[in-house]
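Undergrad: Below you'll find structure.txt; it's compact mmCIF, C-alpha atoms and all ligand atoms.
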# COMPACT_ATOMS: atom_id res chain seq x y z
CA MET A 17 48.96 69.13 65.33
CA PRO A 18 47.56 68.22 61.87
CA LYS A 19 44.77 65.66 61.88
CA TYR A 20 46.41 63.43 59.31
CA LEU A 21 49.88 62.15 58.62
CA ASN A 22 51.10 61.50 55.10
CA GLY A 23 53.35 58.71 54.05
CA HIS A 24 54.29 56.59 51.09
CA ILE A 25 54.95 52.94 50.52
CA ILE A 26 58.66 52.16 50.37
CA GLY A 27 58.44 48.38 50.16
CA ILE A 28 56.02 45.52 49.61
CA GLU A 29 56.83 41.89 50.39
CA ASN A 30 54.83 38.72 49.98
CA GLU A 31 54.46 37.03 53.35
CA ALA A 32 51.93 34.35 52.37
CA PRO A 33 49.88 33.66 49.24
CA GLN A 34 47.16 36.15 50.28
CA THR A 35 49.13 38.31 52.71
CA LYS A 36 51.61 41.09 52.09
CA ARG A 37 53.81 43.28 54.24
CA PHE A 38 53.70 46.98 53.42
CA PHE A 39 56.47 49.26 54.63
CA VAL A 40 55.45 52.90 54.89
CA LYS A 41 57.63 55.94 55.44
CA VAL A 42 55.83 58.70 57.30
CA GLU A 43 56.69 62.05 55.75
CA ASP A 44 55.67 64.70 58.27
CA VAL A 45 57.72 63.51 61.24
CA GLU A 46 61.25 62.33 61.87
CA LYS A 47 60.04 59.65 64.17
CA ILE A 48 56.57 58.27 64.51
CA GLU A 49 55.37 57.95 68.08
CA PHE A 50 53.18 55.00 68.93
CA LYS A 51 52.79 52.22 71.44
CA ALA A 52 53.34 48.61 70.46
CA GLY A 53 49.90 47.15 69.65
CA GLN A 54 48.33 50.34 68.27
CA PHE A 55 46.77 50.81 64.82
CA VAL A 56 46.33 53.60 62.33
CA THR A 57 43.17 54.51 60.47
CA MET A 58 43.81 55.28 56.81
CA GLU A 59 41.71 57.27 54.42
CA LEU A 60 42.00 55.31 51.18
CA PRO A 61 40.92 56.23 47.62
CA ILE A 62 38.29 53.50 47.49
CA HIS A 63 34.90 55.23 47.74
CA GLU A 64 33.31 58.61 47.06
CA LYS A 65 31.93 58.85 50.61
CA ARG A 66 34.58 59.81 53.12
CA LEU A 67 33.35 57.52 55.89
CA LYS A 68 33.49 54.55 53.54
CA ARG A 69 37.10 55.34 52.72
CA MET A 70 38.35 54.66 56.27
CA ARG A 71 40.10 51.40 57.23
CA SER A 72 42.24 50.57 60.24
CA TYR A 73 45.45 48.52 60.23
CA SER A 74 47.55 47.41 63.17
CA ILE A 75 51.17 48.48 63.12
CA ALA A 76 53.15 45.25 62.80
CA ASN A 77 56.56 46.54 63.91
CA ALA A 78 57.71 48.01 67.20
CA PRO A 79 58.41 51.72 67.69
CA ASP A 80 62.12 52.02 66.95
CA GLY A 81 62.77 55.75 66.74
CA SER A 82 62.36 55.78 62.96
CA ASN A 83 59.50 56.99 60.78
CA ILE A 84 58.91 53.65 59.12
CA ILE A 85 55.92 51.52 59.98
CA GLU A 86 54.89 48.13 58.71
CA PHE A 87 51.46 46.67 58.01
CA CYS A 88 50.57 43.07 57.39
CA ILE A 89 47.43 42.89 55.28
CA VAL A 90 45.40 39.93 54.06
CA TYR A 91 43.51 40.09 50.78
CA LEU A 92 39.76 39.65 51.06
CA ASN A 93 37.92 38.70 47.93
CA GLY A 94 35.98 41.78 46.82
CA GLY A 95 37.15 43.88 49.76
CA LEU A 96 37.59 47.50 48.69
CA ALA A 97 40.67 48.37 50.73
CA THR A 98 42.44 45.09 50.24
CA THR A 99 41.81 45.21 46.50
CA PHE A 100 43.44 48.64 46.55
CA PHE A 101 46.43 47.29 48.50
CA PHE A 102 46.85 44.19 46.37
CA LYS A 103 46.05 45.53 42.90
CA ASP A 104 46.83 49.27 42.89
CA ALA A 105 49.33 50.03 45.63
CA LYS A 106 53.00 50.04 44.68
CA VAL A 107 56.27 51.49 45.91
CA GLY A 108 55.72 55.25 45.94
CA THR A 109 51.94 55.10 46.51
CA GLU A 110 50.92 57.82 48.96
CA LEU A 111 48.86 57.06 52.01
CA LYS A 112 47.04 59.38 54.36
CA PHE A 113 46.29 58.26 57.89
CA LYS A 114 45.41 59.44 61.37
CA TYR A 115 47.83 59.31 64.26
CA PRO A 116 48.32 55.86 65.81
CA ALA A 117 45.56 55.05 68.25
CA GLY A 118 44.12 52.25 70.34
CA VAL A 119 44.40 50.80 73.81
CA PHE A 120 45.38 47.26 72.85
CA THR A 121 48.81 47.78 74.32
CA LEU A 122 51.06 46.30 76.97
CA PRO A 123 50.70 47.25 80.62
CA SER A 124 53.35 49.67 81.92
CA VAL A 125 54.69 46.88 84.15
CA ILE A 126 54.49 43.37 82.78
CA ASP A 127 54.03 41.33 85.93
CA HIS A 128 51.89 38.55 84.47
CA ASP A 129 52.39 35.82 81.92
CA LEU A 130 51.12 36.99 78.55
CA VAL A 131 49.19 34.68 76.26
CA PHE A 132 48.70 36.15 72.80
CA ILE A 133 46.01 34.40 70.73
CA CYS A 134 45.45 35.25 67.07
CA THR A 135 44.64 34.02 63.61
CA GLY A 136 46.14 35.36 60.39
CA THR A 137 47.03 39.04 60.32
CA GLY A 138 45.77 39.31 63.91
CA VAL A 139 49.39 38.53 64.68
CA ALA A 140 50.40 42.10 63.70
CA PRO A 141 49.99 43.85 67.08
CA PHE A 142 51.61 40.89 68.84
CA ARG A 143 54.65 41.07 66.59
CA SER A 144 54.95 44.74 67.54
CA MET A 145 54.63 43.96 71.27
CA ILE A 146 57.04 41.01 71.12
CA GLN A 147 59.64 43.02 69.19
CA TYR A 148 59.21 45.90 71.62
CA ILE A 149 59.74 43.69 74.69
CA PHE A 150 62.79 41.85 73.34
CA ASN A 151 64.46 44.75 71.51
CA ASN A 152 64.25 46.98 74.56
CA ASP A 153 64.87 44.37 77.29
CA ILE A 154 61.54 45.20 78.88
CA PRO A 155 61.14 43.09 82.05
CA HIS A 156 58.53 40.41 81.46
CA LYS A 157 57.36 36.94 82.52
CA ASN A 158 56.46 34.12 80.15
CA ILE A 159 55.07 35.00 76.75
CA HIS A 160 53.10 32.50 74.67
CA LEU A 161 52.09 33.31 71.12
CA ILE A 162 49.35 31.04 69.78
CA PHE A 163 48.91 31.51 66.04
CA GLY A 164 46.26 29.83 63.95
CA THR A 165 45.75 29.60 60.21
CA ARG A 166 44.53 27.02 57.73
CA TYR A 167 47.63 25.85 55.87
CA LYS A 168 51.42 25.88 56.35
CA GLU A 169 51.87 28.52 53.66
CA GLY A 170 49.70 30.92 55.69
CA ILE A 171 52.04 31.01 58.70
CA LEU A 172 53.19 34.62 59.13
CA TYR A 173 56.65 35.69 60.39
CA LYS A 174 57.43 32.02 61.11
CA LYS A 175 61.25 32.15 61.00
CA GLU A 176 61.34 35.28 63.08
CA PHE A 177 59.24 33.83 65.90
CA GLU A 178 61.10 30.51 65.75
CA ASN A 179 64.39 32.34 66.13
CA LEU A 180 63.05 34.19 69.15
CA THR A 181 62.20 30.91 70.87
CA LYS A 182 65.88 29.94 70.56
CA LYS A 183 67.07 33.16 72.16
CA HIS A 184 64.36 33.50 74.80
CA PRO A 185 63.36 30.30 76.60
CA GLU A 186 60.45 32.14 78.23
CA PHE A 187 58.95 32.75 74.78
CA LYS A 188 56.75 29.97 73.50
CA TYR A 189 55.38 29.85 69.96
CA THR A 190 52.57 27.49 69.00
CA VAL A 191 51.24 27.28 65.47
CA THR A 192 48.03 25.38 64.90
CA LEU A 193 46.73 24.58 61.43
CA SER A 194 43.08 23.84 60.83
CA ARG A 195 43.22 22.28 57.35
CA GLU A 196 46.78 21.04 56.76
CA GLU A 197 47.26 17.28 56.46
CA ASP A 198 51.04 17.30 56.24
CA TRP A 199 51.88 18.90 59.58
CA SER A 200 53.39 17.41 62.71
CA GLY A 201 52.47 20.36 64.93
CA GLU A 202 49.14 21.25 66.49
CA LYS A 203 46.08 20.77 64.31
CA GLY A 204 42.72 22.46 64.64
CA TYR A 205 41.71 25.86 65.92
CA VAL A 206 43.56 28.08 68.39
CA HIS A 207 40.93 27.33 71.03
CA ALA A 208 42.14 23.76 71.57
CA VAL A 209 45.64 25.03 72.35
CA TYR A 210 44.86 27.42 75.20
CA LYS A 211 42.09 25.16 76.50
CA LYS A 212 44.68 22.43 76.97
CA GLU A 213 47.58 24.55 78.23
CA TYR A 214 45.70 26.86 80.56
CA ALA A 215 42.92 24.50 81.64
CA SER A 216 43.22 25.33 85.35
CA PRO A 217 42.53 29.04 85.82
CA ARG A 218 45.49 31.06 87.07
CA SER A 219 45.35 34.64 88.26
CA ASP A 220 48.87 35.37 86.94
CA ILE A 221 47.95 35.28 83.22
CA ARG A 222 46.67 37.95 80.89
CA PHE A 223 45.12 36.82 77.59
CA TYR A 224 45.31 39.10 74.56
CA LEU A 225 43.08 38.20 71.62
CA CYS A 226 43.27 39.72 68.16
CA GLY A 227 41.52 39.05 64.88
CA TRP A 228 38.10 38.62 63.36
CA SER A 229 35.12 38.60 65.66
CA MET A 230 34.21 34.96 65.21
CA MET A 231 37.48 33.71 66.69
CA VAL A 232 37.75 36.46 69.31
CA ASP A 233 34.14 36.14 70.53
CA GLU A 234 34.48 32.37 70.82
CA ALA A 235 37.75 32.70 72.72
CA VAL A 236 36.23 35.14 75.21
CA GLU A 237 33.38 32.75 75.85
CA HIS A 238 35.70 29.75 76.25
CA LEU A 239 38.05 31.59 78.60
CA LYS A 240 35.20 32.75 80.78
CA ASN A 241 33.76 29.23 80.88
CA MET A 242 37.20 28.00 81.90
CA GLY A 243 37.02 30.30 84.93
CA TYR A 244 39.06 33.29 83.76
CA ASP A 245 37.93 36.75 84.74
CA ASP A 246 37.01 39.55 82.32
CA LYS A 247 39.90 41.58 83.70
CA GLN A 248 42.34 38.96 82.46
CA ILE A 249 41.15 39.25 78.85
CA ARG A 250 41.95 42.05 76.40
CA LEU A 251 40.92 42.14 72.80
CA GLU A 252 41.26 43.85 69.45
CA LEU A 253 38.55 43.17 66.88
CA TYR A 254 39.29 43.47 63.18
CA GLY A 255 35.63 43.27 62.17
C1 LIG B 1 41.71 48.09 64.89
C2 LIG B 1 41.77 47.30 63.58
C3 LIG B 1 42.99 46.83 63.12
C4 LIG B 1 43.05 46.10 61.95
N1 LIG B 1 44.25 45.62 61.53
C5 LIG B 1 44.33 44.85 60.42
C6 LIG B 1 45.60 44.32 60.01
O1 LIG B 1 46.64 44.54 60.64
N2 LIG B 1 45.61 43.54 58.90
C7 LIG B 1 44.47 43.26 58.18
O2 LIG B 1 44.56 42.54 57.17
N3 LIG B 1 43.27 43.77 58.54
C8 LIG B 1 43.18 44.56 59.62
N4 LIG B 1 41.96 45.11 59.98
C9 LIG B 1 40.80 44.94 59.08
C10 LIG B 1 40.76 46.08 58.06
O3 LIG B 1 40.47 47.30 58.70
C11 LIG B 1 39.70 45.87 56.98
O4 LIG B 1 38.46 45.63 57.59
C12 LIG B 1 40.03 44.72 56.05
O5 LIG B 1 41.27 44.95 55.39
C13 LIG B 1 38.92 44.53 55.00
O6 LIG B 1 38.77 45.72 54.32
P1 LIG B 1 38.22 45.76 52.82
O7 LIG B 1 37.89 47.16 52.50
O8 LIG B 1 39.14 45.03 51.90
O9 LIG B 1 36.89 44.90 52.93
P2 LIG B 1 35.42 45.54 52.86
O10 LIG B 1 35.18 46.12 51.51
O11 LIG B 1 35.23 46.41 54.04
O12 LIG B 1 34.47 44.27 53.01
C14 LIG B 1 34.88 43.03 53.41
C15 LIG B 1 33.67 42.23 53.89
O13 LIG B 1 34.09 40.96 54.32
C16 LIG B 1 33.95 40.83 55.73
N5 LIG B 1 35.23 40.29 56.22
C17 LIG B 1 36.32 40.99 56.34
N6 LIG B 1 37.32 40.17 56.72
C18 LIG B 1 36.83 38.93 56.85
C19 LIG B 1 37.41 37.68 57.20
N7 LIG B 1 38.69 37.49 57.47
N8 LIG B 1 36.61 36.62 57.21
C20 LIG B 1 35.33 36.76 56.91
N9 LIG B 1 34.73 37.93 56.55
C21 LIG B 1 35.49 39.01 56.52
C22 LIG B 1 33.70 42.22 56.29
O14 LIG B 1 32.95 42.18 57.49
C23 LIG B 1 33.00 42.87 55.10
O15 LIG B 1 31.64 42.52 55.11
C24 LIG B 1 41.87 45.84 61.18
C25 LIG B 1 40.65 46.34 61.64
C26 LIG B 1 40.58 47.06 62.82
C27 LIG B 1 39.26 47.58 63.30
Reformat the file's structure so that it appears as structure tokens.
TA:
Amino acid sequence: MPKYLNGHIIGIENEAPQTKRFFVKVEDVEKIEFKAGQFVTMELPIHEKRLKRMRSYSIANAPDGSNIIEFCIVYLNGGLATTFFFKDAKVGTELKFKYPAGVFTLPSVIDHDLVFICTGTGVAPFRSMIQYIFNNDIPHKNIHLIFGTRYKEGILYKKEFENLTKKHPEFKYTVTLSREEDWSGEKGYVHAVYKKEYASPRSDIRFYLCGWSMMVDEAVEHLKNMGYDDKQIRLELYG
């Protein structure tokens, strides 16, 4: 098996002012095998040293038997990879990446409620997992996606998740905005949401946390202080 897969960008869509969706067709395989929640590590043309060229991105869509994968990437001011994605990458741009990897995936049997907590593009692996569960009728309990960002315009995949709540009463979607004035929904950070909703510890919940370390580290500490066990918490750190 070759170490790297090759692919090229077949579509780019604006999802929020600083966030784009990149659709990539993998060239070497007819169907790309991965588990919902996994990521790929890309080698990007951004530095002369190989190790400094590597960046990981969660796959934002579910495995669907095709060779197309989606990434949801936020621009970071001065960031090498994100500058490449936002300024240089276009339809046709070739990408080289390792096989999907990572253990931030669903259990083989979903016999607990799932609470997915994220900010910004940390939603990517959860979108993959949620699509996977609903598209394949995977047996599950309640699923609660808690998404945080600063302003309304930064809400990612909003319509899609709202539509899922209409079809699946066991799917709950909470958006909390930390800086928006004009918003009737939850305000503040994601922490306030799960602290309120899951205040009394329950053994039948699994928390999945994804995003930048500040949010994830704080959430782990809060959940433990609330009485939840390490075994109930899984996480994916973006940096
Ligand atoms: C498993 C995994 C999956 C990932 N999936 C995604 C994904 O789906 N989408 C996505 O957008 N990113 C994702 N990332 C992050 C991604 O790999 C890069 O780190 C990110 O795109 C920044 O790369 P860059 O080269 O532009 O920035 P760099 O040139 O590496 O530098 C950016 C600098 O800013 C800091 N920084 C980065 N982000 C933030 C932030 N939000 N707030 C504050 N400081 C920050 C970094 O620590 C660094 O010092 C993932 C990371 C991992 C490990």
Undergrad: To one decimal place, how far is atom CA of A:His184 from atom CA of A:Glu252 in Å?
TA: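 Going from atom CA of A:His184 over to atom CA of A:Glu252 covers 25.9 Å.
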Undergrad: Which chain A residues have any atom within 9 Å of an atom of ligand LIG 1 (chain B), and for each, what is the nearest pair of atoms with distance in Å to one decimal, counting all atoms listed in the file, rows sorted by chain and number, as a Markdown table?
TA:
| residue | atom | partner | partner_atom | distance |
| --- | --- | --- | --- | --- |
| A:Thr35 | CA | B:LIG1 | O2 | 7.7 |
| A:Lys36 | CA | B:LIG1 | O2 | 8.8 |
| A:Gln54 | CA | B:LIG1 | C1 | 7.8 |
| A:Phe55 | CA | B:LIG1 | C1 | 5.7 |
| A:Val56 | CA | B:LIG1 | C3 | 7.6 |
| A:Thr57 | CA | B:LIG1 | O3 | 7.9 |
| A:Met58 | CA | B:LIG1 | O3 | 8.9 |
| A:Ile62 | CA | B:LIG1 | O7 | 8.1 |
| A:Lys68 | CA | B:LIG1 | O11 | 8.3 |
| A:Arg69 | CA | B:LIG1 | O7 | 8.2 |
| A:Met70 | CA | B:LIG1 | O3 | 8.0 |
| A:Arg71 | CA | B:LIG1 | O3 | 4.4 |
| A:Ser72 | CA | B:LIG1 | O3 | 4.0 |
| A:Tyr73 | CA | B:LIG1 | N1 | 3.4 |
| A:Ser74 | CA | B:LIG1 | O1 | 3.9 |
| A:Ile75 | CA | B:LIG1 | O1 | 6.5 |
| A:Ala76 | CA | B:LIG1 | O1 | 6.9 |
| A:Phe87 | CA | B:LIG1 | O1 | 5.9 |
| A:Cys88 | CA | B:LIG1 | N2 | 5.2 |
| A:Ile89 | CA | B:LIG1 | O2 | 3.5 |
| A:Val90 | CA | B:LIG1 | O2 | 4.1 |
| A:Tyr91 | CA | B:LIG1 | O8 | 6.7 |
| A:Leu92 | CA | B:LIG1 | O8 | 5.5 |
| A:Asn93 | CA | B:LIG1 | O8 | 7.6 |
| A:Gly94 | CA | B:LIG1 | O10 | 6.4 |
| A:Gly95 | CA | B:LIG1 | O8 | 3.1 |
| A:Leu96 | CA | B:LIG1 | O7 | 3.8 |
| A:Ala97 | CA | B:LIG1 | O7 | 3.5 |
| A:Thr98 | CA | B:LIG1 | O8 | 3.7 |
| A:Thr99 | CA | B:LIG1 | O8 | 6.0 |
| A:Phe100 | CA | B:LIG1 | O8 | 7.8 |
| A:Phe101 | CA | B:LIG1 | O8 | 8.4 |
| A:Ala117 | CA | B:LIG1 | C1 | 8.6 |
| A:Gly118 | CA | B:LIG1 | C1 | 7.3 |
| A:Phe120 | CA | B:LIG1 | C1 | 8.8 |
| A:Gly136 | CA | B:LIG1 | O2 | 8.0 |
| A:Thr137 | CA | B:LIG1 | N2 | 4.9 |
| A:Gly138 | CA | B:LIG1 | O1 | 6.2 |
| A:Val139 | CA | B:LIG1 | O1 | 7.7 |
| A:Ala140 | CA | B:LIG1 | O1 | 5.4 |
| A:Pro141 | CA | B:LIG1 | O1 | 7.3 |
| A:Cys226 | CA | B:LIG1 | C3 | 8.7 |
| A:Gly227 | CA | B:LIG1 | C24 | 7.7 |
| A:Trp228 | CA | B:LIG1 | N7 | 6.0 |
| A:Ser229 | CA | B:LIG1 | N8 | 8.8 |
| A:Met230 | CA | B:LIG1 | N8 | 8.5 |
| A:Glu252 | CA | B:LIG1 | C1 | 6.2 |
| A:Leu253 | CA | B:LIG1 | C27 | 5.7 |
| A:Tyr254 | CA | B:LIG1 | C25 | 3.5 |
| A:Gly255 | CA | B:LIG1 | O14 | 5.5 |
Undergrad: Which centre and edge lengths in Å to one decimal define the box along x, y and z that fits every listed atom of stretch 99-107 of chain A plus 5 Å per side, as AutoDock Vina command-line options?
TA:
--center_x 49.0 --center_y 47.8 --center_z 45.7 --size_x 24.5 --size_y 17.3 --size_z 15.6
Undergrad: Distance atom CA of A:Gly243-atom CA of A:Phe177, one decimal place?
TA: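 Computing it gives 29.5 Å between the two atoms.
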Undergrad: Let me make sure I understand: among A:Asp129, A:Glu237, A:Glu86, A:Asp104, which one has the smallest atom-to-atom distance to A:Glu186 if we use all atoms listed in the file?
TA: A:Asp129
Undergrad: Could you please determine the separation between atom CA of A:Leu111 and atom CA of A:Asn22 in Å, to one decimal place?
TA: 5.9 Å
Undergrad: Could you model N, CA and C atoms for stretch 188-202 of chain A and present them as a compact mmCIF listing (two decimals), in the frame of the given file?
TA:
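Output saved as selection32.txt:
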# COMPACT_ATOMS: atom_id res chain seq x y z
N LYS A 188 57.26 31.19 74.11
CA LYS A 188 56.75 29.97 73.50
C LYS A 188 55.90 30.34 72.28
N TYR A 189 56.06 29.55 71.23
CA TYR A 189 55.38 29.85 69.96
C TYR A 189 54.65 28.59 69.50
N THR A 190 53.34 28.65 69.46
CA THR A 190 52.57 27.49 69.00
C THR A 190 51.79 27.87 67.75
N VAL A 191 52.01 27.08 66.70
CA VAL A 191 51.24 27.28 65.47
C VAL A 191 50.25 26.13 65.37
N THR A 192 49.00 26.45 65.10
CA THR A 192 48.03 25.38 64.90
C THR A 192 47.35 25.58 63.55
N LEU A 193 47.27 24.49 62.79
CA LEU A 193 46.73 24.58 61.43
C LEU A 193 45.42 23.81 61.35
N SER A 194 44.40 24.47 60.80
CA SER A 194 43.08 23.84 60.83
C SER A 194 42.79 22.93 59.63
N ARG A 195 43.57 23.09 58.52
CA ARG A 195 43.22 22.28 57.35
C ARG A 195 44.40 21.52 56.75
N GLU A 196 45.58 21.65 57.36
CA GLU A 196 46.78 21.04 56.76
C GLU A 196 46.87 19.56 57.15
N GLU A 197 47.08 18.72 56.16
CA GLU A 197 47.26 17.28 56.46
C GLU A 197 48.71 17.04 56.88
N ASP A 198 49.62 17.60 56.09
CA ASP A 198 51.04 17.30 56.24
C ASP A 198 51.68 18.24 57.28
N TRP A 199 51.42 17.98 58.53
CA TRP A 199 51.88 18.90 59.58
C TRP A 199 52.00 18.12 60.89
N SER A 200 53.19 18.21 61.49
CA SER A 200 53.39 17.41 62.71
C SER A 200 53.05 18.22 63.96
N GLY A 201 52.79 19.52 63.77
CA GLY A 201 52.47 20.36 64.93
C GLY A 201 51.00 20.26 65.32
N GLU A 202 50.54 21.25 66.06
CA GLU A 202 49.14 21.25 66.49
C GLU A 202 48.22 21.36 65.29
